[in-house]
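Colleague: For reference, the structure I am asking about is given below.
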Amino acid sequence: MSVGTLGAGLTTPPAPARTERRPRRSRIRYTLTVLAFLLPSAIPLTAFVLAPMVSAAWVSLTKWNLLAPPVFVGLDNYAKLLSDPKTGAIFLHTLYYIVGYLPLVYFGGLALALALNTRLKGRSILRGVYFLPVVTSWIVVALVWRWLLNPSTGVVNTALSWVGIDGPGWWADPAWAMPSIIIASAWKDLGFVMVILLAGLQAIDPELLDAARVDGAGWWRRLFSVVLPLLSPSTFFVVVISLINGFQVFDQVYAMTGGGPGGSTQVVVQQIYDLTFRYGAAGEASALSWLLFAVVLGVTVVQIVGQKRWVTYG
Amino acid sequence: MADTAQMRPAAPGLLGPVVLHVVIIAGAIAMFFPFLWTIVTSLTPGAGLSVTPALVPENPSLEAYWRLFAERPFGRIILNSLGLAIATTLAQLLTSATAAYAFSRLPFRGRGVVFAIYLATMMIPLQVLIVPLFVELKTLGLINTYLGALLPTFASAFGIFLLRQAVNQVPRELDEAATLDGAGHFRIFWQVILPNIRPALATLTVFAFMGSWNSFLWPLVVLRAPELQTLPVALAGLQGQYTTEWDIVMAGSVVSVLPMLALYVFAQKYVVQGVANSGLK
């Protein structure tokens with residue numbers, strides 16, 4: 001799960017190597033044992049993740065409508081994508097989503113985790129309620145929110161009209177469609193962020209907080225000087241995962257707006273989907289996929305490298 | 001669950017906890033509100049045709065549920081989703097547990113590199129793989145088959161990583177004691193390791209089942225035949241077809257949430273614990 005501990009995972013010292021000489025037969029037996037434990041996962045990961053990855057690279061160099069045989073065109077697809085102003089627009093839409101969504105879901109989740117880590121009555125029921133949207137299908141969430149935010153008959157605008165506010169057009173209005181998606185997304189993912197941060201909070205040594213209290217540190221001081229620094233690995237994890245997922249945002253867009261109105265919510269993956277299955281431009285879609293992968297990988301690597309500056313591993 | 005590291009509310013005395021309770025409960029109601037509305041609407045025949053339905057339906061009826069199953073192959077659709085989710089969960093439990101054992105207990109040359117490649121597959125968005133995967137499965141003749149929907153999620157790097165962290169925390173003394181009793185790797189795996197990583201297995205069960213039950217893009221692409229559709233795909237389809245029949249759409253939504261809810265309630269206490277033990281702090 002954790003990209004946050006990815007670095008740690010890689011540098012974990014291996015168990016003591018078995019360098020003692022063993023008879024040939026027992027070595028073969030050991031190799032077979034290793035294979036027996038490893039192949040059930042290695043075969044599907046190779047066949048259905050790594051192999052498609054490589055062939056996507058090949059497809060991105062061709063012109064292909066999924067029906068006729070692909071025609072090799074070199075880097076044409078990439079050149080076309082990079083010179084097309086639409087590419088910039090879809091990445092901007094995706095960034096808009098991330099910039100709106102991430103602070104909302106992080107600070108909301110943090111506040112919840114802090115509140116639900118106290119001796120609150122009915123805590124586990126409350127945690128369950130906040131986690132409920134996490135286990136709900138995006139399609140259901142999108143349907144419900146599309147309906148709540150219906151410009152004319154929706155609950156939200158009906159409630160706003162009671163207090164004399166003329167509600168916006170939400171998903172039907174190009175200016176409000178992305179905020180609608182952001183609100184629904186934050187609502188859905190709040191519980192996930194809460195669970196990750198709760199787990200982080202519970203790993204903090206209570207003696208450190210007691211010591212800070214004895215030293216006269218108030219609640220806010222303890223939050224900023226003790227809790228948040230010790231929570232930084234969890235925060236890092238949430239940020240990395242949210243960014244990876246944010247760049248891949250699709251289900252909610254597909255179900256709430258389909259990229260509209262007027263292309264105002266056309267994000268990268270929606271474009272990949274449309275190129276492939278609506279316009280029969282698989283080569284271009286693969287090139288866009290690789291562009292997206294490069295961006296996600298770049299952003300993730302920058303975060304892993306940059307984590308030393310602010311993440312404290314206790 | 002032990003209350004370590006509590007951040008008590010800022011205000012001393014009674015006021016703090018009271019305010020906190022009010023805010024948290026109001027938030028929970030806001031969280032639950034869309035679900036409440038979903039349930040109410042599913043019980044209101046003809047909902048959404050005119051105006052916003054009342055919070056208390058005038059003539060509550062289960063008609064929408066009946067129509068959902070009578071007029072559409074929803075029984076079949078639920079079975080499709082259920083079968084796929086169970087198969088995916090079992091597959092991921094098996095592939096993750098065995099791989100986790102290898103990465104934790106079976107040293108071999110190049111193990112670090114293999115593990116790094118496994119982890120890297122977490123960073124590849126599924127959407128990047130859609131086209132080549134589609135082509136690959138088409139070549140294998142697996143489009144419009146359950147197997148085609150299952151295979152790409154047969155192993156999960158997320159699950160392997162989660163379980164490896166858990167296996168690492170099982171004391172090696174337990175293995176050694178079993179070895180002295182003459183147990184081989186398979187018996188240690190089965191009788192020592194698995195019973196000791198139950199919270200992590202429960203956590204993976206929830207995440208794997210949830211991932212499959214709610215997955216949308218891949219089933220949409222690979223299961224094109226109407227009778228093979230899964231719930232999220234069918235629900236998305238309902239909306240386009242019957243824009244105004246919100247009672248039916250919402251009945252379908254309620255039906256799709258129930259199994260996940262049951263699974264979560266069943267496994268709830270393990271989920272936070274499982275994440276807490278995964279090495280994330």
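A note on labels: chains of the structure tokens are A, B, ... as shown, every chain counts residues from 1, and ligands are counted from 1 in their shown order.
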Skip region 281-298 of chain A itself and residues of its chain fewer than 6 positions away, then list as a list in words all residues within 8 Å of it, counting only C-alpha atoms.
Modeller: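 That gives Ala56, Ala57, Val59, Ser60, Leu61, Thr62, Lys63, Trp64, Asn65, Leu66, Asn77, Tyr78, Leu81, Leu243, Ile244, Phe247, Val268, Val269, Gln271, Ile272, Tyr273 and Leu275 of chain A; Met123, Ile124, Pro125, Gln127, Val128 and Val131 of chain B.
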Colleague: Would you mind telling me which residue in A:Leu67, A:Asn117, A:Trp220, A:Gly169 lies nearest to Gln202 (chain A) when using only C-alpha atoms?
Modeller: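 Among the listed residues, A:Asn117 lies closest to Gln202 (chain A).
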Colleague: Would you mind listing what lies within 12 Å of region 174-178 of chain A as a count of residues only, with only C-alpha atoms counted and same-chain residues fewer than 2 positions away left out?
Modeller: 42
Colleague: Suppose you want the space between CA of Ala99 (chain B) and CA of Ala85 (chain B); what is it in Å?
Modeller: 20.7 Å
Colleague: Which residues, written as a list of chain:residue names, have at least one atom at most 9 Å from Val221 (chain B), with only C-alpha atoms counted and residues fewer than 4 positions away on the same chain left out?
Modeller: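 Surrounding residues, per the criterion: A:Phe277, B:Ile130, B:Phe134, B:Ile143, B:Phe216, B:Leu217.
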Colleague: Output the selection as a PDB file, in the first residue's frame - C-alpha atoms for each residue.
Modeller:
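out38.pdb was written with the following content:
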ATOM      1  CA  PHE A 277     -13.361   3.663 -27.638  1.00  0.00           C
TER       2      PHE A 277
ATOM      3  CA  ILE B 130      -6.469  -0.600 -20.971  1.00  0.00           C
ATOM      4  CA  PHE B 134      -7.877  -5.352 -24.238  1.00  0.00           C
ATOM      5  CA  ILE B 143     -13.276 -10.743 -24.092  1.00  0.00           C
ATOM      6  CA  PHE B 216     -15.918   0.192 -13.242  1.00  0.00           C
ATOM      7  CA  LEU B 217     -13.541   0.859 -16.113  1.00  0.00           C
TER       8      LEU B 217
END
